[in-house]
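Q: I have a structure I would like to understand better, so I am pasting it below and will then ask my questions one at a time.
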Amino acid sequence: MLDRQLSTTRRQLLIFGASLAVGALLPGSARAARRSPGPQQRGPRELKFLNLHTGESLDAVYFEEGRYLPDALASVDHVLRDHRTGEVHPIEPRLLDLLHRLSGALDTNAPYHVISGYRSPATNAMLHAASPNVAAGSLHMQGWAIDVRVPGRELAELHRAALALRGGGVGYYPANDFVHVDVGRVRTW
């Protein structure tokens with residue numbers, strides 16, 4: 001009888017482990033659609049983007065009724081794609097949540113003007129070769145970073161608000177008129 005109970009417990013553990021492994025292999029947006037948000041993340045969330053390179057705009061509710069919306073996430077992935085190669089990559093939902101919080105901190109519903117969202121490894125390597133300001137292992141390649149500005153807000157104000165959120169990395173590029181935000185470790189430059 002004890003052997004049968006141990007066998008059942010082992011089987012349950014194996015099934016549980018396998019389900020965790022399968023979840024880890026799902027693409028970012030598919031994985032995000034299945035995540036349960038924390039209590040501070042209840043309520044609908046909307047973001048607006050204007051991709052300055054493609055001219056495309058998006059106004060999307062990406063989170064509603066306690067879950068991320070896969071169709072909206074796919075639309076965000078498309079608008080924030082690598083404009084040089086056309087490659088689409090899942091954008092980390094935590095980055096979207098950070099941008100949503102940033103809009104709230106700035107008390108604006110203006111669209112984010114996007115300088116750079118996702119970058120393919122080829123694009124990132126080309127930009128890194130041309131500028132020491134582009135990290136070889138940039139979080140843009142993971143869909144964890146974005147370079148933006150907000151119309152109607154001073155760049156310094158955007159920078160201060162991003163720093164205050166302490167949601168990840170914040171880079172300030174006044175000469176190029178954008179602020180970098182990411183959901184990596186908290187750091188500034």
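Each chain in the structure tokens gets a letter, A, B, ..., in the order shown, and its residues are numbered from 1; ligands are numbered from 1 in order too.
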Need the shell around A:Leu99: protein/DNA/RNA residues with any atom at most 12 Å away, counting only C-alpha atoms. Skip same-chain ones fewer than 3 positions apart. Format as a PyMOL selection string?

A: chain A and resi 45-49+62+91-96+102-106+108-114+144-150+158+161-162+165-168+179-183

Q: As a short mmCIF file (atom, residue, chain, number, x, y, z; two decimals) with all heavy atoms, in the first residue's frame, please: all residues of stretch 74-152 of chain A that backbone DSSP puts in helix (DSSP H, G or I).

A:
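result08.cif written:
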data_model
loop_
_atom_site.label_atom_id
_atom_site.label_comp_id
_atom_site.auth_asym_id
_atom_site.auth_seq_id
_atom_site.Cartn_x
_atom_site.Cartn_y
_atom_site.Cartn_z
N ALA A 74 -0.40 40.64 -29.09
CA ALA A 74 0.12 40.40 -30.45
C ALA A 74 0.18 41.71 -31.24
O ALA A 74 1.12 41.94 -32.00
CB ALA A 74 -0.74 39.37 -31.17
N SER A 75 -0.81 42.58 -31.05
CA SER A 75 -0.79 43.89 -31.72
C SER A 75 0.36 44.75 -31.23
O SER A 75 1.03 45.43 -32.01
CB SER A 75 -2.13 44.62 -31.50
OG SER A 75 -3.17 43.93 -32.12
N VAL A 76 0.60 44.72 -29.92
CA VAL A 76 1.74 45.45 -29.35
C VAL A 76 3.04 44.89 -29.92
O VAL A 76 3.92 45.66 -30.36
CB VAL A 76 1.74 45.37 -27.81
CG1 VAL A 76 3.05 45.92 -27.23
CG2 VAL A 76 0.54 46.12 -27.24
N ASP A 77 3.17 43.57 -29.95
CA ASP A 77 4.38 42.94 -30.51
C ASP A 77 4.63 43.43 -31.93
O ASP A 77 5.77 43.70 -32.31
CB ASP A 77 4.24 41.41 -30.51
CG ASP A 77 4.13 40.79 -29.13
OD1 ASP A 77 4.40 41.48 -28.12
OD2 ASP A 77 3.74 39.61 -29.07
N HIS A 78 3.57 43.53 -32.72
CA HIS A 78 3.70 43.94 -34.12
C HIS A 78 4.15 45.41 -34.22
O HIS A 78 5.07 45.72 -34.98
CB HIS A 78 2.38 43.73 -34.86
CG HIS A 78 2.45 44.14 -36.29
ND1 HIS A 78 3.07 43.37 -37.25
CD2 HIS A 78 2.00 45.25 -36.92
CE1 HIS A 78 3.00 43.99 -38.41
NE2 HIS A 78 2.36 45.14 -38.24
N VAL A 79 3.52 46.29 -33.48
CA VAL A 79 3.86 47.72 -33.56
C VAL A 79 5.27 47.99 -33.04
O VAL A 79 5.96 48.87 -33.55
CB VAL A 79 2.81 48.57 -32.82
CG1 VAL A 79 3.28 50.00 -32.62
CG2 VAL A 79 1.50 48.56 -33.59
N PRO A 93 5.24 41.50 -20.89
CA PRO A 93 4.12 42.23 -20.29
C PRO A 93 4.51 43.11 -19.11
O PRO A 93 3.89 44.14 -18.87
CB PRO A 93 3.15 41.12 -19.87
CG PRO A 93 3.43 40.02 -20.83
CD PRO A 93 4.93 40.07 -21.04
N ARG A 94 5.56 42.74 -18.38
CA ARG A 94 6.02 43.60 -17.27
C ARG A 94 6.47 44.96 -17.80
O ARG A 94 6.33 45.97 -17.11
CB ARG A 94 7.16 42.94 -16.50
CG ARG A 94 6.72 41.73 -15.68
CD ARG A 94 7.90 41.06 -14.98
NE ARG A 94 8.93 40.67 -15.92
CZ ARG A 94 10.23 40.91 -15.77
NH1 ARG A 94 10.69 41.53 -14.71
NH2 ARG A 94 11.09 40.50 -16.69
N LEU A 95 7.01 45.00 -19.03
CA LEU A 95 7.40 46.27 -19.63
C LEU A 95 6.15 47.10 -19.92
O LEU A 95 6.13 48.31 -19.68
CB LEU A 95 8.21 46.04 -20.91
CG LEU A 95 8.68 47.31 -21.64
CD1 LEU A 95 9.58 48.16 -20.76
CD2 LEU A 95 9.39 46.93 -22.94
N LEU A 96 5.12 46.46 -20.42
CA LEU A 96 3.87 47.17 -20.68
C LEU A 96 3.29 47.71 -19.38
O LEU A 96 2.82 48.85 -19.32
CB LEU A 96 2.87 46.25 -21.38
CG LEU A 96 3.34 45.65 -22.70
CD1 LEU A 96 2.26 44.76 -23.30
CD2 LEU A 96 3.78 46.72 -23.69
N ASP A 97 3.34 46.90 -18.33
CA ASP A 97 2.84 47.35 -17.03
C ASP A 97 3.65 48.54 -16.51
O ASP A 97 3.09 49.49 -15.94
CB ASP A 97 2.86 46.22 -16.01
CG ASP A 97 1.85 45.12 -16.33
OD1 ASP A 97 0.89 45.37 -17.09
OD2 ASP A 97 2.03 44.00 -15.82
N LEU A 98 4.95 48.51 -16.72
CA LEU A 98 5.80 49.62 -16.31
C LEU A 98 5.43 50.88 -17.08
O LEU A 98 5.31 51.97 -16.51
CB LEU A 98 7.28 49.27 -16.52
CG LEU A 98 8.29 50.35 -16.14
CD1 LEU A 98 8.17 50.75 -14.67
CD2 LEU A 98 9.71 49.87 -16.45
N LEU A 99 5.21 50.76 -18.39
CA LEU A 99 4.80 51.91 -19.19
C LEU A 99 3.43 52.43 -18.75
O LEU A 99 3.20 53.65 -18.71
CB LEU A 99 4.77 51.55 -20.67
CG LEU A 99 6.13 51.29 -21.31
CD1 LEU A 99 5.95 50.74 -22.73
CD2 LEU A 99 6.98 52.56 -21.35
N HIS A 100 2.54 51.52 -18.40
CA HIS A 100 1.22 51.92 -17.91
C HIS A 100 1.36 52.71 -16.61
O HIS A 100 0.72 53.76 -16.43
CB HIS A 100 0.35 50.68 -17.70
CG HIS A 100 -1.04 51.01 -17.29
ND1 HIS A 100 -1.45 50.98 -15.97
CD2 HIS A 100 -2.12 51.40 -18.01
CE1 HIS A 100 -2.72 51.34 -15.90
NE2 HIS A 100 -3.15 51.59 -17.12
N ARG A 101 2.20 52.23 -15.71
CA ARG A 101 2.45 52.94 -14.45
C ARG A 101 3.11 54.30 -14.71
O ARG A 101 2.80 55.29 -14.04
CB ARG A 101 3.33 52.10 -13.53
CG ARG A 101 2.61 50.89 -12.95
CD ARG A 101 3.52 49.97 -12.13
NE ARG A 101 4.38 50.68 -11.21
CZ ARG A 101 5.65 50.34 -10.98
NH1 ARG A 101 6.21 49.30 -11.58
NH2 ARG A 101 6.37 51.02 -10.11
N LEU A 102 3.98 54.33 -15.69
CA LEU A 102 4.67 55.58 -16.05
C LEU A 102 3.67 56.61 -16.58
O LEU A 102 3.73 57.79 -16.22
CB LEU A 102 5.78 55.30 -17.06
CG LEU A 102 6.70 56.44 -17.44
CD1 LEU A 102 7.35 57.09 -16.22
CD2 LEU A 102 7.77 55.92 -18.41
N SER A 103 2.73 56.17 -17.41
CA SER A 103 1.67 57.08 -17.89
C SER A 103 0.89 57.65 -16.71
O SER A 103 0.56 58.84 -16.69
CB SER A 103 0.72 56.35 -18.83
OG SER A 103 1.34 56.03 -20.04
N GLY A 104 0.58 56.79 -15.74
CA GLY A 104 -0.13 57.25 -14.55
C GLY A 104 0.68 58.26 -13.76
O GLY A 104 0.14 59.26 -13.28
N ALA A 105 1.97 57.99 -13.61
CA ALA A 105 2.84 58.91 -12.87
C ALA A 105 2.93 60.27 -13.56
O ALA A 105 3.04 61.30 -12.90
CB ALA A 105 4.23 58.30 -12.71
N LEU A 106 2.86 60.25 -14.89
CA LEU A 106 2.92 61.50 -15.67
C LEU A 106 1.54 62.13 -15.83
O LEU A 106 1.43 63.22 -16.37
CB LEU A 106 3.52 61.23 -17.05
CG LEU A 106 4.98 60.85 -17.09
CD1 LEU A 106 5.37 60.34 -18.47
CD2 LEU A 106 5.85 62.04 -16.68
N PRO A 121 18.79 40.50 -33.03
CA PRO A 121 20.23 40.44 -32.76
C PRO A 121 21.06 41.09 -33.88
O PRO A 121 22.05 41.77 -33.60
CB PRO A 121 20.51 38.94 -32.66
CG PRO A 121 19.22 38.38 -32.14
CD PRO A 121 18.15 39.19 -32.85
N ALA A 122 20.65 40.93 -35.14
CA ALA A 122 21.39 41.54 -36.26
C ALA A 122 21.34 43.06 -36.18
O ALA A 122 22.36 43.73 -36.35
CB ALA A 122 20.83 41.04 -37.59
N THR A 123 20.16 43.61 -35.92
CA THR A 123 20.04 45.06 -35.80
C THR A 123 20.84 45.56 -34.62
O THR A 123 21.55 46.56 -34.72
CB THR A 123 18.55 45.46 -35.65
OG1 THR A 123 17.88 45.18 -36.87
CG2 THR A 123 18.40 46.93 -35.33
N ASN A 124 20.75 44.87 -33.49
CA ASN A 124 21.48 45.31 -32.31
C ASN A 124 22.99 45.29 -32.55
O ASN A 124 23.70 46.20 -32.15
CB ASN A 124 21.11 44.47 -31.09
CG ASN A 124 21.48 45.17 -29.82
OD1 ASN A 124 20.80 46.10 -29.39
ND2 ASN A 124 22.57 44.75 -29.20
N ALA A 125 23.47 44.26 -33.22
CA ALA A 125 24.91 44.16 -33.51
C ALA A 125 25.35 45.32 -34.41
O ALA A 125 26.41 45.91 -34.19
CB ALA A 125 25.23 42.83 -34.17
N MET A 126 24.54 45.65 -35.40
CA MET A 126 24.86 46.77 -36.29
C MET A 126 24.89 48.08 -35.52
O MET A 126 25.83 48.88 -35.67
CB MET A 126 23.82 46.82 -37.42
CG MET A 126 24.03 47.93 -38.44
SD MET A 126 23.12 49.46 -38.13
CE MET A 126 21.43 48.94 -38.10
N LEU A 127 23.89 48.32 -34.65
CA LEU A 127 23.86 49.55 -33.86
C LEU A 127 25.00 49.60 -32.85
O LEU A 127 25.59 50.66 -32.63
CB LEU A 127 22.51 49.67 -33.15
CG LEU A 127 21.29 49.89 -34.06
CD1 LEU A 127 20.00 49.81 -33.24
CD2 LEU A 127 21.39 51.20 -34.82
N HIS A 128 25.32 48.46 -32.25
CA HIS A 128 26.43 48.39 -31.29
C HIS A 128 27.76 48.72 -31.97
O HIS A 128 28.60 49.42 -31.40
CB HIS A 128 26.48 47.00 -30.65
CG HIS A 128 27.65 46.80 -29.74
ND1 HIS A 128 27.78 47.44 -28.52
CD2 HIS A 128 28.76 46.03 -29.88
CE1 HIS A 128 28.92 47.08 -27.96
NE2 HIS A 128 29.52 46.23 -28.75
N ALA A 129 27.95 48.23 -33.18
CA ALA A 129 29.19 48.51 -33.93
C ALA A 129 29.30 50.00 -34.26
O ALA A 129 30.41 50.54 -34.33
CB ALA A 129 29.23 47.68 -35.20
N ALA A 130 28.16 50.66 -34.42
CA ALA A 130 28.16 52.08 -34.79
C ALA A 130 28.22 53.01 -33.59
O ALA A 130 28.60 54.18 -33.74
CB ALA A 130 26.92 52.39 -35.63
N LEU A 139 18.72 44.59 -23.69
CA LEU A 139 17.44 43.98 -23.33
C LEU A 139 16.37 44.21 -24.40
O LEU A 139 15.33 43.57 -24.37
CB LEU A 139 16.97 44.50 -21.97
CG LEU A 139 17.83 44.08 -20.78
CD1 LEU A 139 17.30 44.69 -19.48
CD2 LEU A 139 17.90 42.57 -20.67
N HIS A 140 16.66 45.09 -25.36
CA HIS A 140 15.75 45.25 -26.50
C HIS A 140 15.60 43.92 -27.25
O HIS A 140 14.54 43.62 -27.78
CB HIS A 140 16.28 46.31 -27.48
CG HIS A 140 16.12 47.72 -27.01
ND1 HIS A 140 14.97 48.44 -27.20
CD2 HIS A 140 16.99 48.54 -26.37
CE1 HIS A 140 15.12 49.67 -26.70
NE2 HIS A 140 16.34 49.74 -26.19
N MET A 141 16.65 43.12 -27.27
CA MET A 141 16.62 41.84 -28.00
C MET A 141 15.73 40.80 -27.31
O MET A 141 15.39 39.79 -27.93
CB MET A 141 18.04 41.28 -28.16
CG MET A 141 18.94 42.15 -29.03
SD MET A 141 20.55 41.38 -29.34
CE MET A 141 21.25 41.27 -27.71
N GLN A 142 15.36 41.04 -26.08
CA GLN A 142 14.47 40.13 -25.36
C GLN A 142 13.04 40.67 -25.30
O GLN A 142 12.16 40.02 -24.73
CB GLN A 142 14.98 39.91 -23.94
CG GLN A 142 16.31 39.22 -23.88
CD GLN A 142 16.79 39.13 -22.44
OE1 GLN A 142 16.02 38.90 -21.52
NE2 GLN A 142 18.09 39.32 -22.25
#

Q: When you draw a straight line from atom CA of A:Thr54 to atom CA of A:His83, how long is it in Å?

A: 6.9 Å

Q: Quote the spacing between atom CA of A:Gly137 and atom CA of A:Gly169 in Å to one decimal place.

A: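 Separation of atom CA of A:Gly137 and atom CA of A:Gly169: 13.7 Å.
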
Q: As an exercise, work out the distance from atom CA of A:Ala164 to atom CA of A:Leu50 in Å and give it to one decimal place.

A: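 Separation of atom CA of A:Ala164 and atom CA of A:Leu50: 24.2 Å.
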